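Here's structure_30.cif, which has mmCIF, C-alpha atoms:
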data_final
loop_
_atom_site.label_atom_id
_atom_site.label_comp_id
_atom_site.auth_asym_id
_atom_site.auth_seq_id
_atom_site.Cartn_x
_atom_site.Cartn_y
_atom_site.Cartn_z
CA MET A 248 -43.10 5.89 28.54
CA PHE A 249 -44.57 6.90 31.85
CA GLU A 250 -42.94 9.75 33.79
CA LEU A 251 -44.15 10.09 37.35
CA GLY A 252 -42.79 13.62 37.69
CA THR A 253 -44.61 14.86 34.60
CA PHE A 254 -47.75 13.08 35.82
CA VAL A 255 -47.78 14.80 39.20
CA VAL A 256 -46.55 18.21 38.07
CA SER A 257 -49.03 18.35 35.18
CA ILE A 258 -51.90 17.74 37.61
CA VAL A 259 -50.63 20.50 39.88
CA THR A 260 -50.05 22.82 36.93
CA PHE A 261 -53.52 22.18 35.58
CA LEU A 262 -55.14 22.80 38.96
CA ILE A 263 -53.29 26.11 39.33
CA LEU A 264 -54.24 27.10 35.79
CA PHE A 265 -57.83 26.07 36.48
CA LEU A 266 -58.02 28.25 39.59
CA ILE A 267 -56.57 31.22 37.71
CA ILE A 268 -58.80 30.74 34.68
CA ARG A 269 -61.89 30.35 36.84
CA LYS A 270 -61.09 33.48 38.81
CA VAL A 271 -59.89 35.65 35.91
CA GLY A 272 -61.77 34.40 32.89
CA PHE A 273 -64.73 32.25 33.68
CA GLU A 274 -66.46 34.03 36.53
CA PRO A 275 -66.80 37.48 34.92
CA LEU A 276 -68.10 35.88 31.75
CA ASN A 277 -70.51 33.62 33.57
CA ASN A 278 -71.74 36.53 35.70
CA MET A 279 -72.26 38.53 32.56
CA LEU A 280 -74.18 35.67 31.02
CA GLU A 281 -76.32 35.46 34.14
CA LYS A 282 -76.88 39.22 34.04
CA ARG A 283 -77.83 39.01 30.40
CA ARG A 284 -80.31 36.27 31.18
CA GLN A 285 -81.76 38.35 34.00
CA TYR A 286 -81.87 41.40 31.77
CA VAL A 287 -83.69 39.57 28.99
CA MET A 288 -86.14 38.07 31.47
CA ASN A 289 -86.77 41.49 32.98
CA GLU A 290 -87.28 43.04 29.58
CA LEU A 291 -89.69 40.29 28.62
CA SER A 292 -91.75 40.57 31.79
CA GLU A 293 -91.66 44.36 31.52
CA ALA A 294 -92.93 44.20 27.96
CA GLU A 295 -95.64 41.77 29.01
CA ARG A 296 -96.66 44.06 31.86
CA ALA A 297 -96.70 47.11 29.57
CA ARG A 298 -98.79 45.24 27.04
CA LYS A 299 -101.30 44.22 29.69
CA MET A 300 -101.42 47.75 31.06
CA SER A 301 -102.00 49.29 27.67
CA GLU A 302 -104.70 46.73 26.97
CA SER A 303 -106.51 47.54 30.19
CA GLN A 304 -106.09 51.25 29.54
CA LEU A 305 -107.50 50.82 26.08
CA ASN A 306 -110.50 49.02 27.52
CA GLU A 307 -110.91 51.77 30.08
CA GLN A 308 -110.75 54.42 27.40
CA LYS A 309 -113.28 52.54 25.36
CA ALA A 310 -115.61 52.33 28.35
CA ILE A 311 -115.20 56.05 29.03
CA LEU A 312 -115.88 56.88 25.40
CA GLU A 313 -118.94 54.68 25.41
CA ASP A 314 -120.16 56.34 28.59
CA ALA A 315 -119.58 59.79 27.16
CA LYS A 316 -121.48 58.91 24.02
CA ARG A 317 -124.35 57.59 26.08
CA GLN A 318 -124.38 60.74 28.23
CA VAL A 319 -124.36 63.00 25.21
CA LYS A 320 -127.25 61.10 23.74
CA GLU A 321 -129.15 61.38 27.00
CA MET A 322 -128.43 65.08 27.26
CA LEU A 323 -129.53 65.63 23.70
CA ASP A 324 -132.75 63.73 24.32
CA THR A 325 -133.59 65.65 27.49
CA ALA A 326 -132.68 68.92 25.83
CA ARG A 327 -134.95 68.12 22.92
CA VAL A 328 -137.81 67.23 25.23
CA ARG A 329 -137.27 70.38 27.24
CA ALA A 330 -137.08 72.49 24.11
CA ASP A 331 -140.33 71.00 22.88
CA ASP A 332 -141.95 71.72 26.22
CA GLN A 333 -140.66 75.24 26.23
CA ALA A 334 -141.82 75.86 22.70
CA ARG A 335 -145.28 74.63 23.56
CA GLU A 336 -145.36 76.76 26.68
CA ILE A 337 -144.22 79.83 24.79
CA LEU A 338 -146.88 79.21 22.20
CA LEU A 339 -149.53 78.87 24.86
CA GLN A 340 -148.35 82.02 26.58
CA ALA A 341 -148.34 83.86 23.31
CA GLN A 342 -151.85 82.69 22.56
CA GLU A 343 -153.02 83.73 25.99
CA GLU A 344 -151.36 87.08 25.63
CA ALA A 345 -152.97 87.59 22.30
CA GLN A 346 -156.32 86.60 23.73
CA ARG A 347 -155.84 88.97 26.61
CA LEU A 348 -154.82 91.81 24.37
CA LEU A 349 -157.78 91.19 22.12
CA GLU A 350 -160.10 91.19 25.10
CA SER A 351 -158.73 94.36 26.61
CA SER A 352 -158.81 96.23 23.34
CA ARG A 353 -162.32 95.06 22.75
CA GLN A 354 -163.31 96.38 26.20
CA LEU A 355 -161.53 99.63 25.47
CA ILE A 356 -163.42 100.01 22.23
CA GLU A 357 -166.66 99.22 23.98
CA ARG A 358 -165.97 101.74 26.69
CA GLU A 359 -164.99 104.42 24.29
CA ARG A 360 -168.01 103.75 22.17
CA ALA A 361 -170.20 104.06 25.25
CA GLU A 362 -168.47 107.27 26.28
CA ALA A 363 -168.81 108.68 22.81
CA MET A 364 -172.44 107.66 22.79
CA ASN A 365 -172.98 109.36 26.17
CA ALA A 366 -171.27 112.52 24.94
CA VAL A 367 -173.42 112.48 21.82
CA LEU A 368 -176.54 111.93 23.91
CA ALA A 369 -175.64 114.83 26.18
CA SER A 370 -174.99 117.19 23.34
CA VAL A 371 -178.13 116.06 21.43
CA ALA A 372 -180.21 116.54 24.56
CA SER A 373 -178.91 120.02 25.14
CA LEU A 374 -179.38 120.84 21.45
CA THR A 375 -182.96 119.50 21.59
CA VAL A 376 -183.70 121.59 24.66
CA GLN A 377 -182.24 124.68 23.09
CA LEU A 378 -184.19 123.93 19.96
CA SER A 379 -187.44 123.49 21.87
CA GLU A 380 -186.69 126.68 23.82
CA GLY A 381 -186.16 128.47 20.62
CA LEU A 382 -189.36 127.04 19.18
CA LEU A 383 -191.44 127.78 22.19
CA ARG A 384 -189.88 131.20 22.79
CA HIS A 385 -190.99 130.51 26.10
CA HIS A 386 -189.07 131.53 29.05
CA VAL A 387 -188.28 128.55 30.91
CA THR A 388 -187.06 128.52 34.36
CA GLU A 389 -183.97 126.84 35.45
CA THR A 390 -185.81 123.99 37.13
CA GLU A 391 -188.04 123.45 34.14
CA HIS A 392 -185.06 123.48 31.90
CA GLN A 393 -183.44 120.85 34.05
CA SER A 394 -186.51 118.63 34.06
CA MET A 395 -186.79 118.88 30.31
CA MET A 396 -183.16 118.00 29.86
CA ASP A 397 -183.59 114.92 32.00
CA GLU A 398 -186.68 113.89 30.12
CA ALA A 399 -185.06 114.41 26.77
CA GLN A 400 -182.02 112.48 27.86
CA GLN A 401 -184.15 109.65 29.08
CA ARG A 402 -186.17 109.53 25.91
CA LEU A 403 -183.07 109.62 23.75
CA GLY A 404 -181.53 106.94 25.84
CA GLU A 405 -184.59 104.78 25.35
CA LEU A 406 -184.49 105.54 21.66
CA VAL A 407 -180.87 104.66 21.29
CA CYS A 408 -181.01 101.57 23.36
CA MET B 281 -38.18 8.81 20.28
CA SER B 282 -37.54 12.48 20.83
CA ALA B 283 -35.11 13.62 23.47
CA PHE B 284 -37.23 15.81 25.70
CA PRO B 285 -35.50 18.06 28.20
CA MET B 286 -36.12 16.53 31.60
CA LEU B 287 -35.75 17.64 35.17
CA PHE B 288 -34.44 14.90 37.52
CA PRO B 289 -33.93 12.57 34.52
CA ASN B 290 -32.41 9.65 36.34
CA SER B 291 -34.56 9.68 39.47
CA ALA B 292 -37.99 8.12 39.93
CA PHE B 293 -39.49 11.55 39.42
CA PRO B 294 -38.57 12.82 35.95
CA ILE B 295 -40.39 15.99 34.87
CA ASN B 296 -40.80 16.73 31.18
CA LEU B 297 -40.02 20.44 30.97
CA THR B 298 -41.42 20.89 27.47
CA THR B 299 -44.77 19.43 28.47
CA ILE B 300 -45.10 21.58 31.59
CA ALA B 301 -43.99 24.71 29.73
CA MET B 302 -46.48 24.00 26.97
CA MET B 303 -49.23 23.49 29.53
CA ILE B 304 -48.45 26.90 30.98
CA LEU B 305 -48.40 28.39 27.48
CA ALA B 306 -51.77 26.84 26.67
CA GLY B 307 -53.11 28.17 29.96
CA LEU B 308 -51.80 31.64 29.16
CA VAL B 309 -53.44 31.54 25.73
CA VAL B 310 -56.75 30.61 27.35
CA ILE B 311 -56.37 33.34 29.97
CA ILE B 312 -55.50 35.99 27.38
CA PHE B 313 -58.39 34.91 25.17
CA LEU B 314 -60.84 35.11 28.07
CA ARG B 315 -59.42 38.44 29.27
CA VAL B 316 -59.80 39.94 25.81
CA ALA B 317 -63.35 38.64 25.68
CA ALA B 318 -64.04 39.90 29.20
CA SER B 319 -62.61 43.35 28.56
CA ARG B 320 -65.46 44.22 26.23
CA LEU B 321 -68.37 42.81 28.14
CA SER B 322 -71.72 44.44 27.67
CA VAL B 323 -75.18 43.48 28.82
CA ARG B 324 -77.00 45.21 26.01
CA GLU B 325 -74.78 44.85 22.97
CA PRO B 326 -72.57 41.76 23.05
CA GLY B 327 -69.66 41.83 20.61
CA LYS B 328 -68.54 38.95 18.43
CA MET B 329 -65.97 37.87 20.99
CA GLN B 330 -68.55 37.89 23.77
CA ASN B 331 -70.97 35.91 21.63
CA LEU B 332 -68.28 33.33 20.95
CA VAL B 333 -67.39 32.93 24.61
CA GLU B 334 -71.01 32.81 25.64
CA TRP B 335 -71.61 30.20 23.01
CA ILE B 336 -68.76 28.11 24.46
CA ILE B 337 -70.20 28.45 27.97
CA GLU B 338 -73.63 27.53 26.67
CA PHE B 339 -72.15 24.56 24.82
CA THR B 340 -70.35 23.35 27.94
CA ALA B 341 -73.47 23.85 30.04
CA ASN B 342 -75.52 21.74 27.60
CA MET B 343 -72.85 19.07 27.72
CA ALA B 344 -72.97 19.09 31.51
CA LYS B 345 -76.77 19.06 31.51
CA ASP B 346 -76.77 15.88 29.45
CA THR B 347 -74.45 14.07 31.83
CA MET B 348 -74.95 15.53 35.30
CA PRO B 349 -77.89 14.46 37.48
CA SER B 350 -78.89 17.87 38.84
CA GLN B 351 -78.84 21.55 37.98
CA ARG B 352 -76.73 22.30 41.07
CA LEU B 353 -74.04 19.89 39.90
CA VAL B 354 -74.16 21.36 36.41
CA GLN B 355 -73.29 24.73 37.90
CA TRP B 356 -70.64 23.09 40.04
CA VAL B 357 -68.88 21.30 37.20
CA LEU B 358 -69.35 24.08 34.66
CA PRO B 359 -66.12 26.04 35.38
CA LEU B 360 -64.06 22.86 35.36
CA ALA B 361 -65.59 21.58 32.14
CA PHE B 362 -65.26 24.99 30.52
CA THR B 363 -61.61 25.28 31.50
CA MET B 364 -60.87 21.70 30.47
CA LEU B 365 -62.52 22.15 27.07
CA LEU B 366 -60.70 25.37 26.22
CA PHE B 367 -57.40 24.20 27.69
CA LEU B 368 -57.39 20.88 25.82
CA PHE B 369 -58.56 22.55 22.62
CA VAL B 370 -55.69 25.03 22.75
CA SER B 371 -53.23 22.33 23.83
CA ASN B 372 -54.17 20.03 20.97
CA TRP B 373 -54.06 22.83 18.44
CA LEU B 374 -50.66 24.05 19.55
CA GLY B 375 -49.14 20.85 18.20
CA VAL B 376 -51.10 20.99 14.95
CA ILE B 377 -50.03 24.56 14.24
CA ALA B 378 -46.36 23.84 14.76
CA THR B 379 -43.84 21.65 16.48
CA VAL B 380 -40.45 23.19 17.10
CA SER B 381 -37.33 21.21 17.74
CA ILE B 382 -33.77 22.26 17.88
CA ASN B 383 -31.02 20.12 16.51
CA THR B 384 -28.10 19.75 18.78
CA ASN B 385 -25.19 17.44 19.09
CA HIS B 386 -24.19 18.64 22.52
CA PRO B 387 -25.54 16.39 25.22
CA ILE B 388 -26.82 18.17 28.33
CA PRO B 389 -26.74 15.42 30.91
CA TRP B 390 -28.45 17.29 33.77
CA LEU B 391 -31.53 17.81 31.56
CA GLY B 392 -31.54 14.17 30.61
CA ILE B 393 -30.31 14.86 27.10
CA THR B 394 -27.66 12.19 27.01
CA ALA B 395 -25.54 11.32 24.03
CA GLN B 396 -27.35 8.01 23.69
CA LYS B 397 -30.79 9.63 23.58
CA LEU B 398 -29.61 12.27 21.16
CA ALA B 399 -28.37 9.57 18.86
CA GLN B 400 -31.76 7.82 19.04
CA ALA B 401 -33.60 11.07 18.24
CA HIS B 402 -31.19 12.15 15.52
CA GLY B 403 -30.25 15.15 17.63
CA GLU B 404 -33.83 16.52 17.85
CA VAL B 405 -34.82 18.22 21.07
CA PRO B 406 -38.53 19.31 20.95
CA LEU B 407 -39.20 22.63 22.59
CA TYR B 408 -42.68 23.33 21.28
CA ASP B 409 -45.17 20.50 21.18
CA SER B 410 -48.68 19.63 22.28
CA PRO B 411 -48.66 18.95 26.01
CA THR B 412 -51.36 16.37 25.31
CA ALA B 413 -48.94 14.39 23.14
CA ASN B 414 -47.37 13.26 26.40
CA MET B 415 -48.79 10.12 27.97
CA SER B 416 -47.98 11.14 31.54
CA MET B 417 -49.78 14.46 31.19
CA THR B 418 -53.01 13.00 29.76
CA LEU B 419 -52.98 10.22 32.33
CA GLY B 420 -52.51 12.91 34.95
CA MET B 421 -55.62 14.69 33.72
CA ALA B 422 -57.55 11.44 33.68
CA PHE B 423 -56.36 10.57 37.18
CA MET B 424 -57.41 13.99 38.43
CA VAL B 425 -60.90 13.43 36.97
CA TRP B 426 -60.98 9.99 38.56
CA VAL B 427 -60.11 11.46 41.98
CA ILE B 428 -62.75 14.20 41.63
CA SER B 429 -65.38 11.64 40.65
CA HIS B 430 -64.58 9.53 43.71
CA PHE B 431 -64.75 12.58 45.95
CA GLN B 432 -68.23 13.06 44.58
CA GLY B 433 -69.00 9.39 45.18
CA LEU B 434 -67.70 9.43 48.75
CA LYS B 435 -70.14 12.17 49.70
CA THR B 436 -72.59 9.27 49.98
CA PRO B 437 -70.27 6.44 51.12
CA ARG B 438 -72.93 3.77 51.45
CA LYS B 439 -74.18 4.15 47.90
CA TRP B 440 -70.61 4.40 46.69
CA LEU B 441 -69.75 1.12 48.41
CA ARG B 442 -72.90 -0.63 47.27
CA HIS B 443 -71.89 0.18 43.73
CA TYR B 444 -68.97 -2.25 44.03
CA LYS B 445 -70.98 -5.37 44.80
CA ASN B 446 -70.40 -6.21 41.18
CA PRO B 447 -66.64 -6.78 40.75
CA MET B 448 -66.86 -5.65 37.12
CA PHE B 449 -67.11 -2.12 38.39
CA ILE B 450 -63.72 -2.47 40.11
CA ILE B 451 -62.17 -3.34 36.74
CA GLU B 452 -63.99 -0.34 35.30
CA GLU B 453 -62.32 1.88 37.86
CA ILE B 454 -58.97 0.94 36.37
CA THR B 455 -59.92 0.88 32.71
CA ASN B 456 -61.93 4.12 32.72
CA PRO B 457 -59.13 6.53 33.69
CA LEU B 458 -56.63 4.55 31.67
CA THR B 459 -58.64 4.73 28.45
CA HIS B 460 -59.71 8.26 29.27
CA GLY B 461 -56.12 9.46 29.31
CA MET B 462 -54.66 7.14 26.69
CA ARG B 463 -57.35 8.02 24.13
CA LEU B 464 -56.37 11.67 24.18
CA TYR B 465 -52.69 10.93 24.18
CA GLY B 466 -52.97 8.38 21.37
CA ASN B 467 -54.90 10.64 19.04
CA ILE B 468 -52.72 13.68 19.51
CA PHE B 469 -49.43 11.79 19.55
CA ALA B 470 -50.35 9.82 16.44
CA GLY B 471 -51.32 13.01 14.65
CA GLU B 472 -48.04 14.66 15.45
CA ALA B 473 -45.98 11.58 14.76
CA LEU B 474 -47.51 11.22 11.33
CA ILE B 475 -46.95 14.93 10.62
CA GLY B 476 -43.31 14.36 11.47
CA VAL B 477 -43.14 11.30 9.21
CA ILE B 478 -44.81 13.14 6.31
CA LEU B 479 -42.42 16.05 6.75
CA SER B 480 -39.51 13.67 6.43
CA ILE B 481 -40.62 12.51 2.97
CA PRO B 482 -37.84 13.66 0.70
CA ILE B 483 -38.51 16.35 -1.88
CA LEU B 484 -38.34 14.81 -5.35
CA TYR B 485 -35.51 16.28 -7.47
CA HIS B 486 -35.34 19.00 -4.80
CA VAL B 487 -38.40 20.76 -6.37
CA ILE B 488 -41.49 18.53 -6.20
CA PRO B 489 -42.79 18.21 -2.61
CA ILE B 490 -44.65 14.93 -3.04
CA GLY B 491 -45.57 14.90 0.64
CA LEU B 492 -47.39 18.26 0.54
CA PRO B 493 -50.92 17.11 -0.43
CA LEU B 494 -50.64 14.32 2.11
CA LEU B 495 -49.50 16.82 4.72
CA LEU B 496 -52.42 19.18 4.03
CA VAL B 497 -54.94 16.35 4.25
CA TRP B 498 -53.42 15.07 7.46
CA LEU B 499 -53.23 18.57 8.97
CA PHE B 500 -56.95 19.05 8.34
CA TYR B 501 -57.68 15.67 9.85
CA SER B 502 -55.43 16.40 12.82
CA ALA B 503 -57.14 19.70 13.42
CA PHE B 504 -60.48 17.91 13.35
CA VAL B 505 -59.26 15.20 15.71
CA SER B 506 -57.76 17.82 18.04
CA SER B 507 -61.12 19.57 18.40
CA ILE B 508 -63.07 16.32 18.75
CA GLN B 509 -60.70 14.89 21.35
CA ALA B 510 -60.97 18.01 23.51
CA TYR B 511 -64.74 17.59 23.37
CA VAL B 512 -64.61 13.85 24.03
CA PHE B 513 -62.29 14.19 27.00
CA THR B 514 -64.47 16.91 28.55
CA ILE B 515 -67.78 15.11 28.06
CA LEU B 516 -66.31 11.89 29.48
CA MET B 517 -65.10 13.90 32.46
CA THR B 518 -68.60 15.23 33.16
CA LEU B 519 -69.99 11.76 32.54
CA TYR B 520 -67.65 10.08 35.02
CA ILE B 521 -68.24 12.73 37.66
CA GLY B 522 -71.98 12.63 37.01
CA HIS B 523 -72.09 8.85 37.37
CA LYS B 524 -70.44 9.02 40.74
CA SER B 525 -72.79 11.69 42.09
CA TYR B 526 -75.16 9.20 43.66
CA GLY B 527 -76.54 11.69 46.14
CA GLU B 528 -78.28 13.67 43.46
CA GLN B 529 -79.49 10.80 41.32
CA THR B 530 -83.10 11.33 42.32
CA ASP B 531 -83.92 14.66 40.75
CA HIS B 532 -82.90 13.87 37.22
#
Represent the supplied structure as structure tokens.
Amino acid sequence: MFELGTFVVSIVTFLILFLIIRKVGFEPLNNMLEKRRQYVMNELSEAERARKMSESQLNEQKAILEDAKRQVKEMLDTARVRADDQAREILLQAQEEAQRLLESSRQLIERERAEAMNAVLASVASLTVQLSEGLLRHHVTETEHQSMMDEAQQRLGELVC
Amino acid sequence: MSAFPMLFPNSAFPINLTTIAMMILAGLVVIIFLRVAASRLSVREPGKMQNLVEWIIEFTANMAKDTMPSQRLVQWVLPLAFTMLLFLFVSNWLGVIATVSINTNHPIPWLGITAQKLAQAHGEVPLYDSPTANMSMTLGMAFMVWVISHFQGLKTPRKWLRHYKNPMFIIEEITNPLTHGMRLYGNIFAGEALIGVILSIPILYHVIPIGLPLLLVWLFYSAFVSSIQAYVFTILMTLYIGHKSYGEQTDH
């Protein structure tokens, strides 16, 4: 049984209810849903970005580590080479020094030997002269004494050398 | 035939007060439900209530996506479809949960409860009933959908007119809203009528309620039909509006 009044009033009632429900119930919920969607999307893209960043950082770190390793190796190599060089140099210097020392001491010995020899010669000559004076009991003048000394020295020198 | 309280009973414009009051009640239930859900909204940690409501919105949006030609129209029809789905669901269920009538033998002529009608209805005046068990109300909903769909169609008048080269489509314009409304009314009214009939089965020896198993079965079935009919009415609404949206047909 059709009732025109119910027909019209129910349409009006529904439209009013619809406007209220849309304003009060639907829109906040739909906005929230939209926000949630946005939020999830943001989170996802953020996570993706963070993942990419960490990946690139990891690669960077790896590269830096590799570089550092390489540098250390280089430094070690150069240090070793330098140390070898230095050791060789020090050895050479030491050898030279030793050589030099040996030489100088040898010269010193030579000189001292010569000096000692000269001193011995001088004293032997004077002893010889005194001896000959004593033997000859002969008064010898100062000049004669000098000439004899020279002669004796010369002879002894020839004898020694 | 129940004796509904009517406004202007003997004019050409009788208004069924029970139906309108029940519509408002159903609307209030929907509003309260949504307000409760909306009061605990959270972006990060949705509660059960929020999940349920979001699921309903998602469900309605999928329904609209299947029947509407473009994403813009889906967003446009979404609040209407959402409201219609919840409103009809609650309306249909109100009658399944309970129907309340008062028994009176006092005719109230200005509300259309005449002695003759009371006699026909055995003195029953329904005060609480599904609004969708009223033919005029469901036809009103269907007519409203029909008007909205033609507003959509008239946005592109030439295409709308070209559609009616085939006279079959003119017949469709009459049968579509008619079946749309009558289907809902028929299902809900039949469900309630049968509940009433089952309830009137006499109790054997005053102890054995032979109608009880039947009643339980039929209540389950009615509840099922109530939910399905709300869905069917809403999806047909989006379908009819979608079919008339010629302007957007291209980007489907």
Using all atoms listed in the file and a cut-off of 10 Å, which residues of chain A sit close to chain B? Please list them as a ChimeraX atom specification. /A:248-277,279-287
Picked residues, the PyMOL selection byres ((chain B and resi 387-398) around 7), expected as a VMD selection string: chain B and resid 283 285 to 287 289 385 to 386 399 to 404
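Between atom CA of B:Phe449 and atom CA of B:Met517 the separation is 17.2 Å.
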So that I can check the surroundings of B:Ala378, please list as an NGL selection string every protein, DNA and RNA residue that reaches within 8 Å of it, counting all atoms listed in the file and ignoring chain neighbours fewer than 3 positions away. :B and (374-375 or 408-409)
Spatial neighbours of stretch 369-374 of chain A, max dist 6 Å, all atoms listed in the file, sep filter under 4 positions, as JSON, numbers by chain: {"A": [378, 399, 400]}
Point-to-point distance in Å for atom CA of B:Glu452 and atom CA of B:Phe504: 28.8 Å
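From atom CA of B:Tyr520 back to atom CA of B:Ser429, the distance works out to 6.3 Å.
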Residue IDs satisfying the PyMOL selection byres ((chain B and resi 506) around 7), as a ChimeraX atom specification: /B:369,372-373,468,502-505,507-510
Incomplete stretch 252-264 of chain A brought to N, CA and C atoms, written out as a short mmCIF file (atom, residue, chain, number, x, y, z; two decimals), keeping the file's coordinate frame:
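Once written, out_29.cif looks like this:
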data_model
loop_
_atom_site.label_atom_id
_atom_site.label_comp_id
_atom_site.auth_asym_id
_atom_site.auth_seq_id
_atom_site.Cartn_x
_atom_site.Cartn_y
_atom_site.Cartn_z
N GLY A 252 -42.94 12.19 37.43
CA GLY A 252 -42.79 13.62 37.69
C GLY A 252 -43.72 14.44 36.82
N THR A 253 -43.72 14.15 35.52
CA THR A 253 -44.61 14.86 34.60
C THR A 253 -46.05 14.67 35.02
N PHE A 254 -46.40 13.44 35.38
CA PHE A 254 -47.75 13.08 35.82
C PHE A 254 -48.20 13.98 36.96
N VAL A 255 -47.38 14.04 38.01
CA VAL A 255 -47.78 14.80 39.20
C VAL A 255 -47.76 16.30 38.91
N VAL A 256 -46.68 16.76 38.29
CA VAL A 256 -46.55 18.21 38.07
C VAL A 256 -47.61 18.70 37.10
N SER A 257 -48.00 17.89 36.11
CA SER A 257 -49.03 18.35 35.18
C SER A 257 -50.37 18.50 35.89
N ILE A 258 -50.65 17.59 36.84
CA ILE A 258 -51.90 17.74 37.61
C ILE A 258 -51.88 19.05 38.39
N VAL A 259 -50.75 19.28 39.08
CA VAL A 259 -50.63 20.50 39.88
C VAL A 259 -50.75 21.73 38.98
N THR A 260 -50.02 21.68 37.86
CA THR A 260 -50.05 22.82 36.93
C THR A 260 -51.47 23.07 36.45
N PHE A 261 -52.16 21.99 36.08
CA PHE A 261 -53.52 22.18 35.58
C PHE A 261 -54.41 22.78 36.66
N LEU A 262 -54.28 22.28 37.89
CA LEU A 262 -55.14 22.80 38.96
C LEU A 262 -54.90 24.29 39.18
N ILE A 263 -53.60 24.68 39.15
CA ILE A 263 -53.29 26.11 39.33
C ILE A 263 -53.90 26.91 38.17
N LEU A 264 -53.67 26.40 36.95
CA LEU A 264 -54.24 27.10 35.79
C LEU A 264 -55.76 27.19 35.89
#
